[in-house]
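Dropping start_39.txt in here (compact mmCIF, C-alpha atoms):
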# COMPACT_ATOMS: atom_id res chain seq x y z
CA MET A 1 0.00 0.00 0.00
CA LYS A 2 2.88 2.39 0.48
CA PRO A 3 3.78 2.75 -3.20
CA PRO A 4 0.32 4.04 -4.30
CA ILE A 5 0.22 6.62 -1.47
CA PHE A 6 3.78 7.68 -2.27
CA VAL A 7 2.88 8.02 -5.99
CA LEU A 8 -0.25 10.00 -5.12
CA LEU A 9 1.65 12.41 -2.84
CA LEU A 10 4.40 12.83 -5.43
CA THR A 11 1.81 13.59 -8.13
CA ILE A 12 0.11 16.20 -5.91
CA LEU A 13 3.47 17.83 -5.16
CA ILE A 14 4.43 18.01 -8.85
CA VAL A 15 1.06 19.46 -9.87
CA SER A 16 1.20 22.03 -7.02
CA CYS A 17 4.69 23.15 -8.02
CA LYS A 18 3.64 23.46 -11.66
CA GLU A 19 0.54 25.57 -10.77
CA SER A 20 2.63 27.74 -8.46
CA LYS A 21 5.15 28.35 -11.26
CA GLN A 22 2.32 29.32 -13.65
CA GLN A 23 0.92 31.79 -11.07
CA ASP A 24 4.36 33.33 -10.58
CA THR A 25 4.74 33.74 -14.36
CA THR A 26 1.30 35.37 -14.60
CA ILE A 27 2.13 37.79 -11.78
CA GLU A 28 5.46 38.69 -13.41
CA THR A 29 3.72 39.24 -16.75
CA GLN A 30 1.14 41.52 -15.12
CA LYS A 31 3.87 43.56 -13.45
CA GLU A 32 5.57 44.15 -16.80
CA VAL A 33 2.48 45.77 -18.35
CA VAL A 34 2.89 49.53 -18.10
CA VAL A 35 0.35 51.74 -19.80
CA ASP A 36 1.36 55.22 -20.91
CA ASN A 37 -1.67 57.40 -20.20
CA THR A 38 0.07 60.70 -20.98
CA ASN A 39 -2.35 61.58 -23.81
CA GLU A 40 -5.35 60.62 -21.69
CA LYS A 41 -4.11 62.78 -18.82
CA GLU A 42 -3.68 65.72 -21.20
CA GLU A 43 -7.27 65.30 -22.42
CA VAL A 44 -8.56 65.19 -18.83
CA LEU A 45 -6.54 68.32 -18.00
CA LYS A 46 -8.17 70.12 -20.97
CA ILE A 47 -11.65 69.27 -19.63
CA MET A 48 -10.81 70.49 -16.15
CA LYS A 49 -9.16 73.67 -17.50
CA SER A 50 -12.23 74.42 -19.61
CA TYR A 51 -14.42 74.21 -16.54
CA LYS A 52 -12.08 76.34 -14.41
CA ASP A 53 -11.77 78.95 -17.17
CA ALA A 54 -15.56 79.19 -17.56
CA ILE A 55 -15.99 79.84 -13.84
CA GLN A 56 -13.26 82.49 -13.91
CA ASN A 57 -15.08 84.09 -16.86
CA LEU A 58 -18.29 84.04 -14.77
CA THR A 59 -20.16 81.89 -17.26
CA THR A 60 -21.54 78.38 -17.56
CA GLU A 61 -21.52 78.59 -21.36
CA GLY A 62 -19.93 75.48 -22.82
CA THR A 63 -19.75 73.67 -19.48
CA PHE A 64 -22.72 71.36 -19.98
CA GLN A 65 -20.77 69.43 -22.63
CA LEU A 66 -18.08 68.71 -20.01
CA PHE A 67 -20.51 66.75 -17.80
CA THR A 68 -22.79 63.77 -18.37
CA GLN A 69 -26.49 64.49 -18.01
CA ASP A 70 -26.65 62.45 -14.81
CA ALA A 71 -23.38 63.73 -13.31
CA THR A 72 -23.62 64.21 -9.55
CA VAL A 73 -22.39 67.36 -7.86
CA PHE A 74 -21.60 67.80 -4.18
CA GLU A 75 -20.48 71.09 -2.67
CA GLN A 76 -19.61 71.96 0.90
CA GLY A 77 -21.45 69.00 2.43
CA LYS A 78 -24.57 69.34 0.28
CA VAL A 79 -25.89 67.12 -2.49
CA GLU A 80 -26.56 69.56 -5.32
CA GLY A 81 -28.03 66.92 -7.67
CA THR A 82 -27.15 66.79 -11.34
CA TYR A 83 -24.91 69.37 -12.96
CA LYS A 84 -28.03 71.03 -14.44
CA ASP A 85 -29.57 71.19 -10.94
CA TYR A 86 -26.36 72.72 -9.62
CA ILE A 87 -26.27 75.39 -12.32
CA ASP A 88 -29.99 76.19 -12.11
CA GLY A 89 -30.25 76.29 -8.33
CA HIS A 90 -26.82 77.34 -7.14
CA LEU A 91 -23.87 78.30 -9.30
CA GLY A 92 -25.73 79.98 -12.17
CA PRO A 93 -27.55 82.56 -10.01
CA GLU A 94 -24.45 82.96 -7.81
CA LEU A 95 -22.23 83.95 -10.75
CA GLY A 96 -24.51 86.92 -11.38
CA HIS A 97 -23.51 88.37 -8.00
CA PHE A 98 -19.78 88.13 -8.69
CA LYS A 99 -17.66 90.92 -10.04
CA SER A 100 -14.77 88.45 -10.38
CA PHE A 101 -13.74 84.93 -9.49
CA THR A 102 -10.06 84.01 -9.74
CA PHE A 103 -8.06 80.90 -8.88
CA SER A 104 -4.48 81.07 -7.64
CA ASP A 105 -1.92 78.56 -6.35
CA TYR A 106 -3.77 76.02 -8.49
CA GLU A 107 -2.53 72.43 -8.48
CA ILE A 108 -4.15 69.41 -10.11
CA ASP A 109 -3.31 65.73 -9.98
CA VAL A 110 -4.75 63.38 -12.62
CA ASN A 111 -4.91 59.61 -12.38
CA VAL A 112 -6.15 57.54 -15.32
CA SER A 113 -7.37 53.94 -15.22
CA LEU A 114 -9.35 53.58 -18.42
CA PRO A 115 -12.21 54.11 -18.89
CA TYR A 116 -12.08 56.26 -15.74
CA ALA A 117 -9.96 59.12 -14.48
CA TYR A 118 -10.02 61.05 -11.25
CA THR A 119 -8.62 64.43 -10.39
CA THR A 120 -7.70 66.16 -7.19
CA GLU A 121 -7.46 69.95 -7.26
CA ASN A 122 -6.08 72.26 -4.57
CA TYR A 123 -6.32 76.01 -4.94
CA LEU A 124 -6.97 79.39 -3.45
CA TYR A 125 -9.75 81.48 -4.89
CA THR A 126 -10.82 85.06 -4.57
CA ILE A 127 -14.37 86.20 -5.21
CA VAL A 128 -15.25 89.88 -5.45
CA LEU A 129 -18.97 90.32 -4.77
CA LYS A 130 -20.73 93.20 -6.50
CA ALA A 131 -22.22 95.98 -4.45
CA ASP A 132 -26.00 95.90 -4.27
CA GLU A 133 -27.52 99.32 -3.63
CA ALA A 134 -31.03 97.88 -3.32
CA LYS A 135 -29.87 95.63 -0.48
CA GLY A 136 -27.50 98.23 0.91
CA THR A 137 -24.42 96.03 0.56
CA LYS A 138 -20.99 97.19 -0.50
CA GLU A 139 -18.55 95.40 -2.75
CA ARG A 140 -16.58 92.86 -0.74
CA THR A 141 -13.89 90.27 -1.27
CA ILE A 142 -13.96 86.65 -0.12
CA GLU A 143 -10.79 84.57 -0.05
CA SER A 144 -10.94 80.81 0.46
CA LYS A 145 -8.87 77.68 0.18
CA GLY A 146 -10.58 75.00 -1.87
CA VAL A 147 -10.21 71.36 -2.77
CA ALA A 148 -12.09 69.37 -5.38
CA THR A 149 -12.23 65.82 -6.60
CA SER A 150 -13.78 64.80 -9.87
CA ILE A 151 -14.38 61.46 -11.53
CA LEU A 152 -14.43 61.38 -15.31
CA LYS A 153 -15.36 58.61 -17.72
CA LYS A 154 -14.32 58.21 -21.33
CA ILE A 155 -17.56 57.86 -23.26
CA ASP A 156 -17.54 57.45 -27.05
CA GLY A 157 -13.99 58.79 -27.17
CA ASP A 158 -14.64 61.89 -25.04
CA TRP A 159 -13.91 62.50 -21.38
CA LYS A 160 -16.95 63.58 -19.35
CA ILE A 161 -17.22 64.52 -15.69
CA ILE A 162 -19.56 62.08 -13.94
CA HIS A 163 -18.99 63.23 -10.35
CA SER A 164 -17.70 66.43 -8.77
CA HIS A 165 -17.17 67.23 -5.11
CA THR A 166 -15.85 70.57 -3.88
CA SER A 167 -15.29 72.05 -0.46
CA PHE A 168 -13.66 75.17 0.85
CA LYS A 169 -12.49 76.93 3.96
CA LYS A 170 -12.60 80.71 4.24
CA LEU A 171 -9.23 82.25 4.92
CA ASN A 172 -8.83 84.68 7.80
CA GLN A 173 -10.63 87.86 6.80

What would you get if you wrote out this structure as structure tokens?
Amino acid sequence: MKPPIFVLLLTILIVSCKESKQQDTTIETQKEVVVDNTNEKEEVLKIMKSYKDAIQNLTTEGTFQLFTQDATVFEQGKVEGTYKDYIDGHLGPELGHFKSFTFSDYEIDVNVSLPYAYTTENYLYTIVLKADEAKGTKERTIESKGVATSILKKIDGDWKIIHSHTSFKKLNQ
């Protein structure tokens, strides 16, 4: 009886070693695959720059094409809804009260894992609010530190923002 048990154990050992070797080869092959996403990152940067430039120009013109119709927007701990909801109920009316909106010390990090990309932005921004004689308010300046994360998806060859989350902290004023 010893020979069949010995043969069985030897067979199991050989098969285990062979499978282990195949797994090691697969892992090594996976490690060697490096994808150059430089062009994809550049395209994502263009989308994010277009959005930032529109805000600095106090307009939402051309921004709807940067987002999917069902993109979700979160700002300062509040669910704003879709991008259209955000523009209609928050940012759009707000831009009308601004004399200027400028970003400074702007930094962005882009990570691509097709078909998705995510960005992290850090910046300072300065808003100059218009004076409102009817309300008796004077022009004033607001300075804040902001951070934003966005998730983009490549859809039919174009990058679109599918999720945006921003928050800020007012600087000492």

Legend entry - Within 9 Å of range 63-73 of chain A using all atoms listed in the file, minus same-chain residues under 5 positions, as number ranges by chain: A: 47-48, 50-51, 54, 78-86, 152, 159-166

Legend entry - Atom-to-atom span, CA of Gln76 in chain A and CA of Pro115 in chain A, Å: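 So the two atoms, CA of Gln76 in chain A and CA of Pro115 in chain A, lie 27.7 Å apart.
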
Inset, instruction - Please measure the separation of CA of Phe74 in chain A and CA of Ile155 in chain A, giving the value in Å to one decimal. - result: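 For CA of Phe74 in chain A relative to CA of Ile155 in chain A, the distance reads 21.9 Å.
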
Inset, instruction - Scan for residues within 10 Å of the point (-14.9, 84.5, -14.6) in the coordinates of the file, using only C-alpha atoms, and reply as a ChimeraX atom specification. - result: /A:52-60,95,98-103,127

Legend entry - Glu42 in chain A environment, 12 Å, only C-alpha atoms, sequence neighbours closer than 3 positions dropped, as an MDAnalysis selection string: chainID A and resid 36:39 45:49 108:112 117 119 159

Legend entry - Length of the CA of Glu133 in chain A to CA of Phe168 in chain A vector [Å]: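 CA of Phe168 in chain A lies 28.2 Å from CA of Glu133 in chain A.
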
Inset, instruction - Identify the residues within 7 Å of coordinate (-21.2, 92.8, -5.9) (same frame as the file), considering only C-alpha atoms, and give the answer as a list in words. - result: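 The answer, in the requested form, is His97, Phe98, Lys99, Val128, Leu129, Lys130, Ala131, Asp132, Lys138, Glu139 and Arg140 of chain A.
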
Inset, instruction - Return the single residue from A:Gly96, A:Gly62, A:Gly89, A:Gly157 that is closest to Tyr116 in chain A, with distances computed using all atoms listed in the file. - result: A:Gly157

Inset, instruction - Determine the nearest neighbour of Leu124 in chain A from the options A:Thr141, A:Ser150, A:Lys170, A:Pro93, counting only C-alpha atoms. - result: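 Nearest to Leu124 in chain A: A:Lys170.
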